[in-house]
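A.B. asks: Sharing a structure with you now.
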Amino acid sequence: MPDCVYNARDLRYKSKFGAVSAGEELRFSIALKRQIHCSAAFLVIREDSQPEEQYIPMYWSGMNGPDGEWWSISYAAPVPGLYWYHFEYDTPWGRGRVVCGERETGTADGSTMFQLTAFDARFRTPDFLKGGVMYQIFPDRFYSSGTPKQNVPSDRILRTDRENLPEYRPDAQGTVRNNDYFGGDLKGIEKKLDYLKSLGVTCLYLNPIFEAHSNHRYNTADYTKIDPLLGTQPDFESLCRAAHTRGISILLDGVFSHTGSDSVYFNREGRYGSGGAYRDANSPYRKWYDFKSWPNDYASWWGIDTLPQVIEEQPDYLDYITGPGGVLEKWMRAGADGWRLDVADELPDGFLDALRERVKAVNPDAVIIGEVWEDASNKCSYGQRRRYLLGKQLDSVMNYPFQNAVLDYIATGNADGFCDRILTVLSHYPKQVVDVLMNSIGTHDTARAITALAGEPCGGRGRDWQSEHCFLPPERRAYGVTLLKLASVLQFTLPGVPCIYYGDEIGMEGYGDPFNRRYYDWVHADEELRAWYGALGKLRRDHPVLRDGTFVELSSGMGCVAYAREKGDQKLVVIVNRNDSPMDFYFHPQYYGLQKVIGHTPELDRVHLDPLSCAVLASP
C-alpha cells in the first residue's frame with residue numbers, strides 16, 4: 001500500500017508515468033490520514049507561461065486501509081507546455097500543502113513544485129533510431145583513405161605521425177591555431193563501414209564536415225561545400241549510399257549560431273577576396289551579423305572574435321539555412337538523414353521552428369537532435385523557458401544527465417541516487433523523445449570515458465598537465481577497462497540509443513580537447529574490449545525490449561544498481577556490482593527463470609556477482 005502522501009512516479013497517485021499529450025486525461029490522487037479530518041483538497045496547478053494558479057477541488061474517492069483515505073481529481077492539460085502543480089488540503093487545524101520532495105514524492109516542506117510536461121498530441125519521433133546504436137566520428141581523426149585531395153589551403157599542417165598527440169601549444173603569437181590535420185576523410189569512413197556494422201552501428205553522427213579553417217570545423221567557412229581535406233560532395237553522397245545499403249543512417253552536425261571569421265560570409269582574414277561582411281560595407285552578408293561599430297566591433301560566440309555570431313532570425317540568413325533549396329535541404333537531398341544541432345540552447349525559437357518545418361518537409365522521418373547539457377524539458381535560456389521537446393522543435397537531445405549519472409556511479413561506486421537521476425529525465429521527457437535520446441559516455445567535448453573513470457581528476461589543470469597524463473599507467477588502464485565495461489553495459493541498456501564516441505570501443509584515452517580527439521589507433525586496438533562492444537551491439541539487435549521497453553528500478557544502493565526493461569512478456573534485467581567484494585542479488589519471483597545474456601549465470605532466485613562485474617539477463 002502507499003506509504004506517502006503523493007508519489008509522481010507511482011501509478012496509484014498519478015495514472016500515467018511521465019509526460020502526457022495535451023488533452024490527455026490524468027487522474028491525480030493523494031493519500032491522507034483519516035485522523036487529520038480532511039474536509040477539502042485541491043490540485044493547485046499553473047501553466048508555465050501564466051501567472052495565476054488554478055485551484056481545482058478534489059473529491060473523496062475511497063478508503064486506503066483502515067486509517068487512510070484517497071482524494072482524487074481528473075485533469076487534462078489544455079495546451080502543450082510545462083505545468084507546475086502541488087496539492088493543498090483543509091483540516092480543523094488549518095491548511096496543509098504537499099510539494100515536491102526527494103524522488104518526486106510529496107513533502108510538506110519546501111517550495112519546489114511537481115512538473116508535468118504536456119506535448120503536442122501529434123508529436124512523433126523517427127523510428128529508424130530506436131533500438132539501434134549510434135557512433136560519433138570526429139572526421140579528421142578516424143581513418144584516412146589516402147585519396148589525393150584538391151584545393152587544400154596551403155596554411156594547413158598535414159600530419160603523418162598519427163600515433164602522436166594533436167598540437168595544443170600556442171604559436172609565436174600566442175594563438176592556438178587548430179590547424180594540424182591527420183587526414184581522416186569521408187572515403188576513409190566509407191572504407192570502415194563494415195567494421196562499424198560489426199559493432200552493431202545503425203547511425204553515424206559526423207562532427208562538422210563543411211569547409212572550415214580549423215581541424216574541428218566548428219568555424220564554418222562555407223555551408224555549401226565539403227571541406228577539401230575530407231573530400232567532395234560526390235564523396236559524401238557515396239558515403240551515404242554505402243551506409244544506407246548497410247542499414248546505417250548519417251547525421252550531420254549543424255553549426256548555425258555562428259560562422260568563422262575566416263569564411264565566405266565574414267571574410268575578416270581576406271581569404272575570399274574583397275567580399276564578406278567584414279570587408280564590404282555593402283555585402284549581402286553584413287546584416288547577418290551584429291556589428292556594434294563596423295567592421296571591428298561585432299558580437300561573437302562567447303567573446304571569441306574568430307567566431308562571429310549570426311542573427312539567426314534575420315530573414316536572409318533564415319532563408320539561406322532553412323528555406324527551400326537552402327543548406328538543410330541541400331545536404332538532406334545529398335543523403336543526410338538528420339541533424340545534430342550545435343549549442344541548440346543558443347538558437348532562438350523562431351529559428352528552431354523554421355528548421356523543423358524544413359527538415360520534416362524534406363523527410364518526415366529525419367531526426368533533429370539538440371546539444372543541451374541540462375534537463376531539456378525545463379531549460380531556460382535568453383530569459384525564457386524553452387520548448388524543445390513539446391513537439392515542434394527537437395526530436396531528441398544529447399543526454400548529458402544520463403552520462404553524468406553513469407560516470408559518477410561507476411567512478412565512485414555511489415549507487416544512491418543513480419536511478420533517481422535516470423527517472424527524473426524519464427519523468428520529464430515525452431516517451432517518444434526518451435526512445436531516441438542520444439546516450440553518450442564520452443564526446444568530443446568531454447574527457448574520454450576510460451580517462452574519466454580511471455584517470456586522476458583533471459581538476460581544471462591546463463593542457464601541459466593533460467598532455468603529460470594522457471595515457472594511464474598499465475595497472476590503471478586495466479582497471480579503467482573493467483570500469484568502462486560496466487559503464488557501457490548501462491549505456492547500452494538504459495532507455496534511449498547508445499552513442500559510441502569513436503575509439504571508446506578500443507579504450508582510447510585523453511582528457512579535454514584536443515587529447516580526446518586523437519587519431520584512431522588502428523594499430524594498437526584493444527581487441528578484447530572491441531569484442532565486448534560488439535557483444536553489446538548484438539544485445540541490442542537481439543532484444544527488441546531495448547527499443548522502447550519501460551524502465552523499472554529494482555535497486556540503487558550499497559554499490560549495486562539493478563533495473564529491468566520490460567514490454568509485454570519481454571523482460572531484460574541488468575545488475576551491476578560496483579563493489580570491490582562479491583555479492584548475491586536476489587530476484588522478485590516475477591523475474592525467476594531469466595537466462596544469461598552477458599556476465600554471470602543466474603540461479604532460480606538469485607545471481608552471484610564477482611567484484612566489479614555485471615549480469616544481463618533476459619526472459620527466454
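Ordering of the C-alpha cells sets the chain letters (A, B, ...), residue numbers begin anew at 1 in every chain, and ligands are numbered from 1 in the order given.
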Do a neighbour search on A:Ala221 at 7 Å with only C-alpha atoms, toss out local chain neighbours closer than 4 positions, and write the hits as a list in words.
C.D. replies: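 Near neighbours after the sequence-gap exclusion: Glu211, Ala212, His213, Thr259, Gly260, Asp262, Ser263 and Val264 of chain A.
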A.B. asks: Write a file of the selected residues as a PDB file, in the first residue's frame, keeping N, CA, C and O atoms.
C.D. replies:
ATOM      1  N   GLU A 211      33.306  23.076 -45.259  1.00  0.00           N
ATOM      2  CA  GLU A 211      34.559  23.816 -45.375  1.00  0.00           C
ATOM      3  C   GLU A 211      34.741  24.741 -44.178  1.00  0.00           C
ATOM      4  O   GLU A 211      33.846  25.524 -43.818  1.00  0.00           O
ATOM      5  N   ALA A 212      35.903  24.639 -43.547  1.00  0.00           N
ATOM      6  CA  ALA A 212      36.218  25.458 -42.380  1.00  0.00           C
ATOM      7  C   ALA A 212      37.721  25.421 -42.180  1.00  0.00           C
ATOM      8  O   ALA A 212      38.383  24.446 -42.547  1.00  0.00           O
ATOM      9  N   HIS A 213      38.263  26.452 -41.562  1.00  0.00           N
ATOM     10  CA  HIS A 213      39.713  26.568 -41.472  1.00  0.00           C
ATOM     11  C   HIS A 213      40.208  26.291 -40.055  1.00  0.00           C
ATOM     12  O   HIS A 213      40.912  27.093 -39.440  1.00  0.00           O
ATOM     13  N   THR A 259      29.424  31.673 -37.492  1.00  0.00           N
ATOM     14  CA  THR A 259      30.278  31.198 -38.586  1.00  0.00           C
ATOM     15  C   THR A 259      31.729  31.440 -38.178  1.00  0.00           C
ATOM     16  O   THR A 259      32.014  31.930 -37.081  1.00  0.00           O
ATOM     17  N   GLY A 260      32.653  31.120 -39.060  1.00  0.00           N
ATOM     18  CA  GLY A 260      34.030  31.516 -38.848  1.00  0.00           C
ATOM     19  C   GLY A 260      34.252  32.940 -39.327  1.00  0.00           C
ATOM     20  O   GLY A 260      33.586  33.421 -40.257  1.00  0.00           O
ATOM     21  N   ASP A 262      36.933  33.581 -40.727  1.00  0.00           N
ATOM     22  CA  ASP A 262      37.626  33.216 -41.967  1.00  0.00           C
ATOM     23  C   ASP A 262      36.645  32.412 -42.826  1.00  0.00           C
ATOM     24  O   ASP A 262      36.728  31.197 -42.938  1.00  0.00           O
ATOM     25  N   SER A 263      35.697  33.139 -43.412  1.00  0.00           N
ATOM     26  CA  SER A 263      34.614  32.482 -44.153  1.00  0.00           C
ATOM     27  C   SER A 263      34.193  33.344 -45.326  1.00  0.00           C
ATOM     28  O   SER A 263      34.481  34.547 -45.375  1.00  0.00           O
ATOM     29  N   VAL A 264      33.501  32.746 -46.257  1.00  0.00           N
ATOM     30  CA  VAL A 264      32.999  33.491 -47.404  1.00  0.00           C
ATOM     31  C   VAL A 264      31.978  34.531 -46.955  1.00  0.00           C
ATOM     32  O   VAL A 264      31.773  35.546 -47.637  1.00  0.00           O
TER      33      VAL A 264
END
A.B. asks: Stretch 421-431 of chain A: which residues within 6 Å, counting only C-alpha atoms, same-chain residues fewer than 3 positions away excluded, as an MDAnalysis selection string?
C.D. replies: chainID A and resid 18:19 418 434
A.B. asks: Generate a file of the selected residues that holds C-alpha atoms, formatted as a PDB file, in the first residue's frame.
C.D. replies:
ATOM      1  CA  GLY A  18       5.996  10.823 -17.185  1.00  0.00           C
ATOM      2  CA  ALA A  19       4.874  13.351 -19.757  1.00  0.00           C
ATOM      3  CA  PHE A 418      21.561   6.759  -9.740  1.00  0.00           C
ATOM      4  CA  VAL A 434      13.138   9.050 -24.497  1.00  0.00           C
TER       5      VAL A 434
END
A.B. asks: List as a ChimeraX atom specification the protein and nucleic acid residues near stretch 55-64 of chain A, meaning an atom at most 12 Å away when only C-alpha atoms are counted, but skip any in the same chain fewer than 5 places from it.
C.D. replies: /A:1-5,12,27-34,37-46,69-76,85-90
A.B. asks: Restricted to N, CA and C atoms, what would the selected residues look like written as a JSON list (two decimals), in the first residue's frame?
C.D. replies:
[["chain", "number", "residue", "atom", "x", "y", "z"],
["A", 1, "MET", "N", 0.85, -1.20, 0.00],
["A", 1, "MET", "CA", 0.00, 0.00, 0.00],
["A", 1, "MET", "C", 0.89, 1.25, 0.00],
["A", 2, "PRO", "N", 0.34, 2.38, -0.47],
["A", 2, "PRO", "CA", 1.13, 3.62, -0.47],
["A", 2, "PRO", "C", 1.57, 3.99, 0.93],
["A", 3, "ASP", "N", 2.78, 4.48, 1.03],
["A", 3, "ASP", "CA", 3.31, 4.87, 2.32],
["A", 3, "ASP", "C", 3.70, 6.34, 2.35],
["A", 4, "CYS", "N", 3.17, 7.15, 1.42],
["A", 4, "CYS", "CA", 3.43, 8.58, 1.42],
["A", 4, "CYS", "C", 2.19, 9.29, 0.91],
["A", 5, "VAL", "N", 2.20, 10.59, 1.01],
["A", 5, "VAL", "CA", 1.03, 11.36, 0.60],
["A", 5, "VAL", "C", 0.88, 11.36, -0.92],
["A", 12, "ARG", "N", -0.44, 4.70, -8.74],
["A", 12, "ARG", "CA", -1.56, 4.83, -7.81],
["A", 12, "ARG", "C", -1.85, 6.30, -7.50],
["A", 27, "ARG", "N", -5.41, 11.10, -13.85],
["A", 27, "ARG", "CA", -6.03, 11.05, -12.53],
["A", 27, "ARG", "C", -4.93, 11.26, -11.49],
["A", 28, "PHE", "N", -5.05, 12.32, -10.70],
["A", 28, "PHE", "CA", -4.16, 12.59, -9.58],
["A", 28, "PHE", "C", -4.86, 12.16, -8.29],
["A", 29, "SER", "N", -4.10, 11.52, -7.40],
["A", 29, "SER", "CA", -4.64, 11.10, -6.11],
["A", 29, "SER", "C", -3.62, 11.36, -5.02],
["A", 30, "ILE", "N", -4.11, 11.78, -3.86],
["A", 30, "ILE", "CA", -3.25, 11.91, -2.68],
["A", 30, "ILE", "C", -3.82, 11.03, -1.58],
["A", 31, "ALA", "N", -2.93, 10.51, -0.74],
["A", 31, "ALA", "CA", -3.31, 9.61, 0.35],
["A", 31, "ALA", "C", -3.14, 10.35, 1.67],
["A", 32, "LEU", "N", -4.26, 10.61, 2.34],
["A", 32, "LEU", "CA", -4.24, 11.34, 3.60],
["A", 32, "LEU", "C", -4.66, 10.43, 4.75],
["A", 33, "LYS", "N", -4.22, 10.77, 5.94],
["A", 33, "LYS", "CA", -4.62, 10.04, 7.13],
["A", 33, "LYS", "C", -6.03, 10.45, 7.56],
["A", 34, "ARG", "N", -6.84, 9.49, 7.97],
["A", 34, "ARG", "CA", -8.20, 9.79, 8.43],
["A", 34, "ARG", "C", -8.18, 10.72, 9.63],
["A", 37, "HIS", "N", -8.83, 14.51, 9.54],
["A", 37, "HIS", "CA", -10.18, 15.01, 9.26],
["A", 37, "HIS", "C", -10.21, 16.02, 8.12],
["A", 38, "CYS", "N", -9.66, 15.61, 6.99],
["A", 38, "CYS", "CA", -9.65, 16.49, 5.82],
["A", 38, "CYS", "C", -11.08, 16.79, 5.37],
["A", 39, "SER", "N", -11.36, 18.06, 5.14],
["A", 39, "SER", "CA", -12.70, 18.46, 4.70],
["A", 39, "SER", "C", -12.72, 18.90, 3.23],
["A", 40, "ALA", "N", -11.56, 19.21, 2.66],
["A", 40, "ALA", "CA", -11.47, 19.60, 1.25],
["A", 40, "ALA", "C", -10.02, 19.47, 0.81],
["A", 41, "ALA", "N", -9.83, 19.14, -0.47],
["A", 41, "ALA", "CA", -8.48, 19.04, -1.02],
["A", 41, "ALA", "C", -8.47, 19.63, -2.42],
["A", 42, "PHE", "N", -7.32, 20.13, -2.85],
["A", 42, "PHE", "CA", -7.23, 20.84, -4.12],
["A", 42, "PHE", "C", -5.96, 20.44, -4.87],
["A", 43, "LEU", "N", -6.10, 20.27, -6.18],
["A", 43, "LEU", "CA", -4.97, 20.27, -7.09],
["A", 43, "LEU", "C", -4.71, 21.72, -7.44],
["A", 44, "VAL", "N", -3.50, 22.21, -7.19],
["A", 44, "VAL", "CA", -3.14, 23.59, -7.48],
["A", 44, "VAL", "C", -2.13, 23.55, -8.63],
["A", 45, "ILE", "N", -2.51, 24.09, -9.78],
["A", 45, "ILE", "CA", -1.70, 23.90, -10.98],
["A", 45, "ILE", "C", -1.60, 25.20, -11.77],
["A", 46, "ARG", "N", -0.44, 25.39, -12.40],
["A", 46, "ARG", "CA", -0.20, 26.61, -13.18],
["A", 46, "ARG", "C", 0.56, 26.26, -14.44],
["A", 69, "GLU", "N", -7.31, 7.54, 3.54],
["A", 69, "GLU", "CA", -8.33, 7.80, 2.52],
["A", 69, "GLU", "C", -7.68, 8.46, 1.31],
["A", 70, "TRP", "N", -8.33, 8.27, 0.20],
["A", 70, "TRP", "CA", -7.87, 8.84, -1.07],
["A", 70, "TRP", "C", -8.71, 10.06, -1.43],
["A", 71, "TRP", "N", -8.01, 11.08, -1.94],
["A", 71, "TRP", "CA", -8.67, 12.22, -2.57],
["A", 71, "TRP", "C", -8.13, 12.30, -3.99],
["A", 72, "SER", "N", -9.01, 12.48, -4.96],
["A", 72, "SER", "CA", -8.61, 12.37, -6.37],
["A", 72, "SER", "C", -9.23, 13.46, -7.23],
["A", 73, "ILE", "N", -8.68, 13.61, -8.42],
["A", 73, "ILE", "CA", -9.22, 14.52, -9.43],
["A", 73, "ILE", "C", -8.69, 14.11, -10.79],
["A", 74, "SER", "N", -9.51, 14.25, -11.80],
["A", 74, "SER", "CA", -9.06, 14.05, -13.18],
["A", 74, "SER", "C", -8.73, 15.41, -13.79],
["A", 75, "TYR", "N", -7.65, 15.44, -14.58],
["A", 75, "TYR", "CA", -7.19, 16.70, -15.15],
["A", 75, "TYR", "C", -6.58, 16.44, -16.51],
["A", 76, "ALA", "N", -6.81, 17.35, -17.46],
["A", 76, "ALA", "CA", -6.18, 17.29, -18.78],
["A", 76, "ALA", "C", -5.55, 18.65, -19.07],
["A", 85, "TYR", "N", 2.64, 21.96, -10.38],
["A", 85, "TYR", "CA", 1.50, 21.66, -9.52],
["A", 85, "TYR", "C", 1.92, 21.19, -8.13],
["A", 86, "HIS", "N", 1.02, 21.37, -7.20],
["A", 86, "HIS", "CA", 1.13, 20.79, -5.86],
["A", 86, "HIS", "C", -0.29, 20.57, -5.35],
["A", 87, "PHE", "N", -0.42, 20.17, -4.11],
["A", 87, "PHE", "CA", -1.74, 19.89, -3.54],
["A", 87, "PHE", "C", -1.89, 20.66, -2.23],
["A", 88, "GLU", "N", -3.12, 21.03, -1.93],
["A", 88, "GLU", "CA", -3.44, 21.63, -0.63],
["A", 88, "GLU", "C", -4.69, 20.96, -0.08],
["A", 89, "TYR", "N", -4.82, 20.95, 1.23],
["A", 89, "TYR", "CA", -5.99, 20.31, 1.87],
["A", 89, "TYR", "C", -6.31, 21.03, 3.17],
["A", 90, "ASP", "N", -7.59, 21.03, 3.50],
["A", 90, "ASP", "CA", -8.09, 21.71, 4.69],
["A", 90, "ASP", "C", -8.37, 20.72, 5.81]]
A.B. asks: How far is it from atom CA of A:Ser21 to atom CA of A:Asp342, in Å with one decimal?
C.D. replies: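 Calculated distance between atom CA of A:Ser21 and atom CA of A:Asp342 is 27.7 Å.
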A.B. asks: Residues at most 10 Å from A:Gly537, counting only C-alpha atoms, excluding those fewer than 6 positions away in the same chain, as a ChimeraX atom specification?
C.D. replies: /A:131-133,197-202,492,498,531
A.B. asks: Grab the residues selected above and save them as an mmCIF file, in the first residue's frame with C-alpha atoms.
C.D. replies:
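Produced file again-v8.cif, reproduced below:
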data_model
loop_
_atom_site.group_PDB
_atom_site.id
_atom_site.type_symbol
_atom_site.label_atom_id
_atom_site.label_comp_id
_atom_site.auth_asym_id
_atom_site.auth_seq_id
_atom_site.Cartn_x
_atom_site.Cartn_y
_atom_site.Cartn_z
ATOM 1 C CA GLY A 131 16.745 0.158 -30.719
ATOM 2 C CA GLY A 132 19.911 0.934 -32.670
ATOM 3 C CA VAL A 133 23.471 2.035 -31.935
ATOM 4 C CA LYS A 197 28.417 -2.663 -38.950
ATOM 5 C CA SER A 198 30.216 -5.393 -36.969
ATOM 6 C CA LEU A 199 29.782 -3.263 -33.836
ATOM 7 C CA GLY A 200 26.028 -3.105 -34.437
ATOM 8 C CA VAL A 201 26.137 0.529 -35.523
ATOM 9 C CA THR A 202 22.961 1.752 -37.211
ATOM 10 C CA PHE A 492 23.605 0.190 -23.914
ATOM 11 C CA PRO A 498 23.785 4.429 -27.049
ATOM 12 C CA ALA A 531 34.666 -7.657 -28.855
#
A.B. asks: Taking the DSSP secondary structure from the backbone, can you list the residues of stretch 340-493 of chain A that are alpha helix (DSSP H), as an MDAnalysis selection string?
C.D. replies: chainID A and resid 349:362 400:412 418:428 431:434 449:454 463:468 474:493
A.B. asks: Write out as number ranges by chain the residues lying within 12 Å of A:Asp365, counting only C-alpha atoms and excluding same-chain residues fewer than 4 positions away.
C.D. replies: A: 124-129, 249, 332, 336-339, 356, 359-361, 395
A.B. asks: If you count only C-alpha atoms, which residues fall within 9 Å of stretch 606-616 of chain A, apart from same-chain ones fewer than 4 positions away, as JSON, numbers by chain?
C.D. replies: {"A": [482, 483, 485, 486, 489, 572, 573, 574, 575, 576, 577, 578, 579, 580, 581, 582, 583, 584, 585, 586, 587, 588, 592, 595, 596, 597, 598, 599, 600, 601, 602]}
A.B. asks: Show which residues sit within 10 Å of A:Asn178, as a list in words. Count only C-alpha atoms, and ignore same-chain residues fewer than 5 positions away.
C.D. replies: Arg156, Ile157, Pro166, Glu167, Tyr168, Arg169, Pro170, His213, Ser214, Asn215, His216, Arg217 and Pro514 of chain A
A.B. asks: So that I can check the secondary structure, give me every residue of stretch 88-327 of chain A assigned strand (DSSP E or B) by backbone DSSP, as a ChimeraX atom specification.
C.D. replies: /A:88-91,94-100,105-107,114-119,134-137,157-158,180-181,203-206,210-212,220-226,249-254,258,289,291-293,297-298,300,308-310
A.B. asks: What does the distance from atom CA of A:Asp280 to atom CA of A:Ile304 come to in Å, to one decimal?
C.D. replies: 21.4 Å
A.B. asks: State, in Å with one decimal place, the distance from atom CA of A:Asp435 to atom CA of A:Asn404.
C.D. replies: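 Atom-to-atom, atom CA of A:Asp435 and atom CA of A:Asn404 are spaced 18.7 Å apart.
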